[in-house]
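Take a look at the structure set out below.
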Amino acid sequence: MAKILMIVSAADTLVLADGTTHPTGYWAEEVAASHKVLVEAGHQVDIATPAGARPTVDPVSLDERGGVRAADGAEFRSYLDSIAASLDAPLDLGAVKATDYDALYLPGGHAPMADLADNPVLGALLTEADQRGRTIAALCHGVAALLSATDDAGTFLFAGRGLTGFTNDEERQGGLGDATPWLVEDRLIEGGAHFRAGEPWSDTVVVDGNLITGQNPQSSVTTAKEVLAALRSA
């Protein structure tokens with residue numbers, strides 16, 4: 001049995017480009033579907049958030065406003081309810097150690113843009129995990145959290161690495177559009193990553209060594225399965 005740390009944003013608002021605040025949270029499918037794949041394979045999944053704060057699910061991710069069918073939304077809600085004990089009392093991100101885990105998993109929703117993309121505690125954790133060859137997986141807007149990992153000179157830890165995430169096209173088609181404070185794809189490219197975009201809303205996953213990234217919610221299950229494959233080969 002491997003130990004996996006799922007790092008979930010605790011933000012419930014995001015400041016938009018015009019300075020107004022927008023309600024947000026983690027994306028239901030990305031947490032629920034990923035968690036289910038990992039635990040059904042027999043692994044332990046711990047959940048951590050900044051300061052151990054209780055995370056908020058983005059309500060849009062549970063209904064048609066987020067392009068989610070009613071039956072799927074009900075399934076995600078039911079699964080999240082089944083792991084409520086872990087979500088209601090997550091570990092404090094600042095108290096966990098990379099050495100205690102075989103993999104780190106970062107689901108999205110717009111919330112990681114608010115409290116994980118520039119989080120020095122997370123940056124240090126990711127840096128140590130990468131140095132030790134631990135599997136690092138990030139999904140959709142969760143890939144924005146990778147931006148927290150920079151050295152003293154500001155160099156992005158994953159510069160030169162192949163990855164994907166929520167694309168500019170997807171943000172414009174079904175995300176926040178022009179209201180978004182910044183675009184995940186652009187910021188990762190600016191950091192020196194080799195961003196690989198699949199077709200909008202396609203199940204696209206990129207594996208580059210110990211780094212596994214998924215493009216969007218539709219990539220949740222495949223991303224988690226790639227983590228399982230990495231753990232088997234470790």
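The way I read the labels, and the way they are meant: chains A, B, ... in the order of the structure tokens, residue 1 as the first residue of every chain, and ligand 1 as the first ligand shown, with later ones counted on from there.
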key: region 55-208 of chain A: residues DSSP assigns to strand (DSSP E or B), reported as an MDAnalysis selection string   = chainID A and resid 57 91:92 103:106 135:139 150 156 162:163 194:195 205:208
Keeping N, CA, C and O atoms, export the residues of the selection given above as a PDB file, in the first residue's frame.
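See result.pdb below for the written result:
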ATOM      1  N   VAL A  57     -16.265  22.904  -1.642  1.00  0.00           N
ATOM      2  CA  VAL A  57     -16.513  22.440  -3.001  1.00  0.00           C
ATOM      3  C   VAL A  57     -17.171  23.563  -3.791  1.00  0.00           C
ATOM      4  O   VAL A  57     -18.052  24.265  -3.290  1.00  0.00           O
ATOM      5  N   LEU A  91      -5.369  17.526   7.060  1.00  0.00           N
ATOM      6  CA  LEU A  91      -4.063  17.798   7.641  1.00  0.00           C
ATOM      7  C   LEU A  91      -3.630  19.215   7.295  1.00  0.00           C
ATOM      8  O   LEU A  91      -4.045  19.781   6.286  1.00  0.00           O
ATOM      9  N   ASP A  92      -2.775  19.764   8.138  1.00  0.00           N
ATOM     10  CA  ASP A  92      -2.193  21.074   7.877  1.00  0.00           C
ATOM     11  C   ASP A  92      -1.042  20.892   6.894  1.00  0.00           C
ATOM     12  O   ASP A  92      -0.084  20.161   7.166  1.00  0.00           O
ATOM     13  N   ALA A 103       3.461   9.764  -3.196  1.00  0.00           N
ATOM     14  CA  ALA A 103       2.959  10.613  -4.271  1.00  0.00           C
ATOM     15  C   ALA A 103       2.213  11.805  -3.689  1.00  0.00           C
ATOM     16  O   ALA A 103       1.615  11.721  -2.615  1.00  0.00           O
ATOM     17  N   LEU A 104       2.268  12.911  -4.421  1.00  0.00           N
ATOM     18  CA  LEU A 104       1.468  14.092  -4.124  1.00  0.00           C
ATOM     19  C   LEU A 104       0.472  14.267  -5.262  1.00  0.00           C
ATOM     20  O   LEU A 104       0.810  14.073  -6.427  1.00  0.00           O
ATOM     21  N   TYR A 105      -0.764  14.649  -4.920  1.00  0.00           N
ATOM     22  CA  TYR A 105      -1.823  14.770  -5.929  1.00  0.00           C
ATOM     23  C   TYR A 105      -2.549  16.082  -5.722  1.00  0.00           C
ATOM     24  O   TYR A 105      -3.064  16.361  -4.638  1.00  0.00           O
ATOM     25  N   LEU A 106      -2.603  16.914  -6.772  1.00  0.00           N
ATOM     26  CA  LEU A 106      -3.144  18.259  -6.681  1.00  0.00           C
ATOM     27  C   LEU A 106      -4.344  18.434  -7.612  1.00  0.00           C
ATOM     28  O   LEU A 106      -4.188  18.720  -8.798  1.00  0.00           O
ATOM     29  N   THR A 135       6.328  10.688  -6.999  1.00  0.00           N
ATOM     30  CA  THR A 135       5.370  11.018  -8.040  1.00  0.00           C
ATOM     31  C   THR A 135       4.621  12.289  -7.654  1.00  0.00           C
ATOM     32  O   THR A 135       4.140  12.434  -6.533  1.00  0.00           O
ATOM     33  N   ILE A 136       4.541  13.222  -8.598  1.00  0.00           N
ATOM     34  CA  ILE A 136       3.801  14.471  -8.410  1.00  0.00           C
ATOM     35  C   ILE A 136       2.753  14.546  -9.515  1.00  0.00           C
ATOM     36  O   ILE A 136       3.084  14.517 -10.695  1.00  0.00           O
ATOM     37  N   ALA A 137       1.494  14.617  -9.125  1.00  0.00           N
ATOM     38  CA  ALA A 137       0.400  14.687 -10.090  1.00  0.00           C
ATOM     39  C   ALA A 137      -0.420  15.937  -9.839  1.00  0.00           C
ATOM     40  O   ALA A 137      -0.660  16.317  -8.690  1.00  0.00           O
ATOM     41  N   ALA A 138      -0.834  16.587 -10.923  1.00  0.00           N
ATOM     42  CA  ALA A 138      -1.662  17.780 -10.814  1.00  0.00           C
ATOM     43  C   ALA A 138      -2.684  17.758 -11.936  1.00  0.00           C
ATOM     44  O   ALA A 138      -2.425  17.252 -13.022  1.00  0.00           O
ATOM     45  N   LEU A 139      -3.837  18.330 -11.657  1.00  0.00           N
ATOM     46  CA  LEU A 139      -4.981  18.173 -12.550  1.00  0.00           C
ATOM     47  C   LEU A 139      -5.689  19.504 -12.769  1.00  0.00           C
ATOM     48  O   LEU A 139      -5.987  20.223 -11.808  1.00  0.00           O
ATOM     49  N   THR A 150       9.598  27.460  -6.857  1.00  0.00           N
ATOM     50  CA  THR A 150      10.671  28.213  -7.501  1.00  0.00           C
ATOM     51  C   THR A 150      11.860  28.290  -6.555  1.00  0.00           C
ATOM     52  O   THR A 150      11.698  28.197  -5.333  1.00  0.00           O
ATOM     53  N   PHE A 156      11.534  28.400 -12.084  1.00  0.00           N
ATOM     54  CA  PHE A 156      10.455  27.440 -11.899  1.00  0.00           C
ATOM     55  C   PHE A 156      11.009  26.018 -11.869  1.00  0.00           C
ATOM     56  O   PHE A 156      11.769  25.617 -12.748  1.00  0.00           O
ATOM     57  N   GLY A 162       7.607  18.585 -19.618  1.00  0.00           N
ATOM     58  CA  GLY A 162       6.361  18.511 -20.358  1.00  0.00           C
ATOM     59  C   GLY A 162       5.195  18.377 -19.401  1.00  0.00           C
ATOM     60  O   GLY A 162       5.236  17.568 -18.463  1.00  0.00           O
ATOM     61  N   LEU A 163       4.161  19.167 -19.625  1.00  0.00           N
ATOM     62  CA  LEU A 163       2.974  19.095 -18.772  1.00  0.00           C
ATOM     63  C   LEU A 163       1.771  19.660 -19.513  1.00  0.00           C
ATOM     64  O   LEU A 163       1.879  20.254 -20.572  1.00  0.00           O
ATOM     65  N   HIS A 194       7.065  23.062 -20.907  1.00  0.00           N
ATOM     66  CA  HIS A 194       6.641  22.693 -22.254  1.00  0.00           C
ATOM     67  C   HIS A 194       5.163  22.265 -22.171  1.00  0.00           C
ATOM     68  O   HIS A 194       4.863  21.118 -21.872  1.00  0.00           O
ATOM     69  N   PHE A 195       4.279  23.215 -22.397  1.00  0.00           N
ATOM     70  CA  PHE A 195       2.852  22.966 -22.234  1.00  0.00           C
ATOM     71  C   PHE A 195       2.308  22.236 -23.452  1.00  0.00           C
ATOM     72  O   PHE A 195       2.521  22.647 -24.593  1.00  0.00           O
ATOM     73  N   VAL A 205      -3.659  13.504 -20.757  1.00  0.00           N
ATOM     74  CA  VAL A 205      -2.733  13.396 -19.642  1.00  0.00           C
ATOM     75  C   VAL A 205      -1.315  13.367 -20.204  1.00  0.00           C
ATOM     76  O   VAL A 205      -1.045  12.707 -21.204  1.00  0.00           O
ATOM     77  N   VAL A 206      -0.406  14.086 -19.560  1.00  0.00           N
ATOM     78  CA  VAL A 206       0.994  14.125 -19.962  1.00  0.00           C
ATOM     79  C   VAL A 206       1.842  13.572 -18.819  1.00  0.00           C
ATOM     80  O   VAL A 206       1.696  13.997 -17.667  1.00  0.00           O
ATOM     81  N   VAL A 207       2.715  12.634 -19.142  1.00  0.00           N
ATOM     82  CA  VAL A 207       3.626  12.060 -18.159  1.00  0.00           C
ATOM     83  C   VAL A 207       5.049  12.413 -18.564  1.00  0.00           C
ATOM     84  O   VAL A 207       5.481  12.122 -19.685  1.00  0.00           O
ATOM     85  N   ASP A 208       5.771  13.057 -17.677  1.00  0.00           N
ATOM     86  CA  ASP A 208       7.177  13.402 -17.913  1.00  0.00           C
ATOM     87  C   ASP A 208       7.954  12.999 -16.671  1.00  0.00           C
ATOM     88  O   ASP A 208       7.996  13.734 -15.682  1.00  0.00           O
TER      89      ASP A 208
END
inquiry  = I want to know what sits within 9 Å of Ala197 (chain A), based on only C-alpha atoms, with residues of the same chain fewer than 4 positions away left out; could you give that as a PyMOL selection string?
reply    = chain A and resi 163-167+185+204+215
Once you have the residues from the selection above, write them out as a short mmCIF file (atom, residue, chain, number, x, y, z; two decimals), in the first residue's frame, restricted to N, CA, C and O atoms.
data_model
loop_
_atom_site.label_atom_id
_atom_site.label_comp_id
_atom_site.auth_asym_id
_atom_site.auth_seq_id
_atom_site.Cartn_x
_atom_site.Cartn_y
_atom_site.Cartn_z
N LEU A 163 4.16 19.17 -19.62
CA LEU A 163 2.97 19.09 -18.77
C LEU A 163 1.77 19.66 -19.51
O LEU A 163 1.88 20.25 -20.57
N THR A 164 0.61 19.46 -18.92
CA THR A 164 -0.62 20.04 -19.44
C THR A 164 -1.41 20.61 -18.27
O THR A 164 -0.99 20.54 -17.11
N GLY A 165 -2.56 21.18 -18.56
CA GLY A 165 -3.42 21.77 -17.55
C GLY A 165 -4.58 22.44 -18.25
O GLY A 165 -4.73 22.33 -19.48
N PHE A 166 -5.41 23.15 -17.50
CA PHE A 166 -6.56 23.83 -18.10
C PHE A 166 -6.06 24.83 -19.12
O PHE A 166 -5.28 25.72 -18.81
N THR A 167 -6.51 24.68 -20.36
CA THR A 167 -5.95 25.47 -21.45
C THR A 167 -6.62 26.84 -21.57
O THR A 167 -7.71 27.07 -21.05
N GLU A 185 -2.31 28.27 -18.56
CA GLU A 185 -1.43 27.86 -19.65
C GLU A 185 -0.34 28.91 -19.89
O GLU A 185 0.85 28.56 -19.99
N THR A 204 -6.92 14.29 -21.65
CA THR A 204 -5.51 14.42 -22.02
C THR A 204 -4.63 14.41 -20.78
O THR A 204 -4.85 15.19 -19.85
N GLN A 215 -5.37 17.53 -18.07
CA GLN A 215 -5.78 18.82 -18.65
C GLN A 215 -7.02 19.43 -18.01
O GLN A 215 -7.11 20.65 -17.89
#
task = Apply DSSP to the backbone of this structure and, from region 44-215 of chain A, keep only the residues in helix (DSSP H, G or I); write these as number ranges by chain.
result = A: 50-52, 59-62, 64-66, 70-82, 84-88, 93-95, 98-100, 112-115, 120-131, 140-148, 168-174, 177-179, 184-190
inquiry  = So the first atom is CA of Ala124 (chain A) and the second is CA of Ser9 (chain A); what is the distance between them in Å, to one decimal place?
reply    = 16.4 Å
ask   = Near Leu146 (chain A), within 9 Å and counting only C-alpha atoms, which residues show up once chain neighbours fewer than 2 positions away are dropped, as a PyMOL selection string?
value = chain A and resi 106+116-118+122-123+126+138+142-144+148-150+156-158+188
query = Near Ala114 (chain A), counting only C-alpha atoms, which residues have an atom at most 8 Å away, once you skip same-chain residues fewer than 3 positions from it, shown as a ChimeraX atom specification?
reply = /A:11,13-15,110-111,117
Deliver the residues from the most recent selection as a file, using all heavy atoms, as a compact mmCIF listing (two decimals), in the first residue's frame.
# COMPACT_ATOMS: atom_id res chain seq x y z
N ALA A 11 -9.27 27.75 -0.50
CA ALA A 11 -9.85 29.04 -0.88
C ALA A 11 -11.31 28.89 -1.29
O ALA A 11 -11.69 27.90 -1.92
CB ALA A 11 -9.05 29.65 -2.03
N THR A 13 -12.89 31.94 -2.47
CA THR A 13 -13.08 33.07 -3.37
C THR A 13 -11.81 33.28 -4.19
O THR A 13 -10.71 32.89 -3.78
CB THR A 13 -13.38 34.38 -2.62
OG1 THR A 13 -12.30 34.68 -1.73
CG2 THR A 13 -14.69 34.29 -1.85
N LEU A 14 -11.98 33.90 -5.35
CA LEU A 14 -10.87 34.26 -6.22
C LEU A 14 -11.07 35.70 -6.67
O LEU A 14 -12.17 36.08 -7.09
CB LEU A 14 -10.84 33.33 -7.45
CG LEU A 14 -9.77 33.62 -8.51
CD1 LEU A 14 -8.38 33.34 -7.96
CD2 LEU A 14 -10.03 32.78 -9.76
N VAL A 15 -10.02 36.50 -6.57
CA VAL A 15 -10.10 37.89 -7.02
C VAL A 15 -9.95 37.91 -8.54
O VAL A 15 -8.95 37.43 -9.09
CB VAL A 15 -9.02 38.76 -6.37
CG1 VAL A 15 -9.09 40.19 -6.90
CG2 VAL A 15 -9.17 38.76 -4.85
N HIS A 110 -10.91 26.50 -9.65
CA HIS A 110 -10.14 27.74 -9.72
C HIS A 110 -9.44 28.07 -8.40
O HIS A 110 -8.52 28.89 -8.37
CB HIS A 110 -11.06 28.91 -10.10
CG HIS A 110 -11.40 28.95 -11.56
ND1 HIS A 110 -12.55 28.40 -12.08
CD2 HIS A 110 -10.72 29.47 -12.61
CE1 HIS A 110 -12.58 28.59 -13.38
NE2 HIS A 110 -11.50 29.23 -13.75
N ALA A 111 -9.86 27.44 -7.31
CA ALA A 111 -9.34 27.80 -5.99
C ALA A 111 -7.82 27.73 -5.86
O ALA A 111 -7.23 28.59 -5.18
CB ALA A 111 -10.00 26.92 -4.93
N ALA A 117 -0.93 28.67 -5.76
CA ALA A 117 0.00 29.01 -6.85
C ALA A 117 1.20 29.81 -6.37
O ALA A 117 2.24 29.82 -7.05
CB ALA A 117 -0.74 29.78 -7.94
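Going from CA of Gly198 (chain A) over to CA of Glu170 (chain A), you cover 10.4 Å.
CA of Arg54 (chain A) to CA of Glu128 (chain A) spans 25.2 Å [interatomic distance, one decimal].
The closest residue to Gly25 (chain A), picked from A:Ser61, A:Asn168, A:Gln44, A:Thr56 and counting only C-alpha atoms, is A:Thr56.
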task = May I have the residues within 6 Å of region 218-223 of chain A as an NGL selection string, using only C-alpha atoms and disregarding those fewer than 6 positions away in the same chain?
result = :A and (30 or 34 or 203-204)
Take the residues just selected and output them with N, CA, C and O atoms as a PDB file, in the first residue's frame.
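Written out: part_23.pdb:
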ATOM      1  N   GLU A  30     -12.823  16.250  -9.708  1.00  0.00           N
ATOM      2  CA  GLU A  30     -11.377  16.059  -9.630  1.00  0.00           C
ATOM      3  C   GLU A  30     -10.940  15.474  -8.289  1.00  0.00           C
ATOM      4  O   GLU A  30      -9.983  14.697  -8.221  1.00  0.00           O
ATOM      5  N   SER A  34     -10.815  11.099  -8.570  1.00  0.00           N
ATOM      6  CA  SER A  34      -9.411  10.755  -8.345  1.00  0.00           C
ATOM      7  C   SER A  34      -9.243   9.956  -7.053  1.00  0.00           C
ATOM      8  O   SER A  34      -8.579   8.918  -7.021  1.00  0.00           O
ATOM      9  N   ASP A 203      -9.838  14.096 -22.812  1.00  0.00           N
ATOM     10  CA  ASP A 203      -9.155  13.377 -21.733  1.00  0.00           C
ATOM     11  C   ASP A 203      -7.677  13.311 -22.110  1.00  0.00           C
ATOM     12  O   ASP A 203      -7.238  12.416 -22.828  1.00  0.00           O
ATOM     13  N   THR A 204      -6.915  14.294 -21.653  1.00  0.00           N
ATOM     14  CA  THR A 204      -5.507  14.425 -22.024  1.00  0.00           C
ATOM     15  C   THR A 204      -4.635  14.406 -20.777  1.00  0.00           C
ATOM     16  O   THR A 204      -4.848  15.192 -19.850  1.00  0.00           O
TER      17      THR A 204
END
Which of A:Met113, A:Leu147, A:Leu125, A:Ile83 sits closest to Asp12 (chain A) [using only C-alpha atoms] = A:Met113
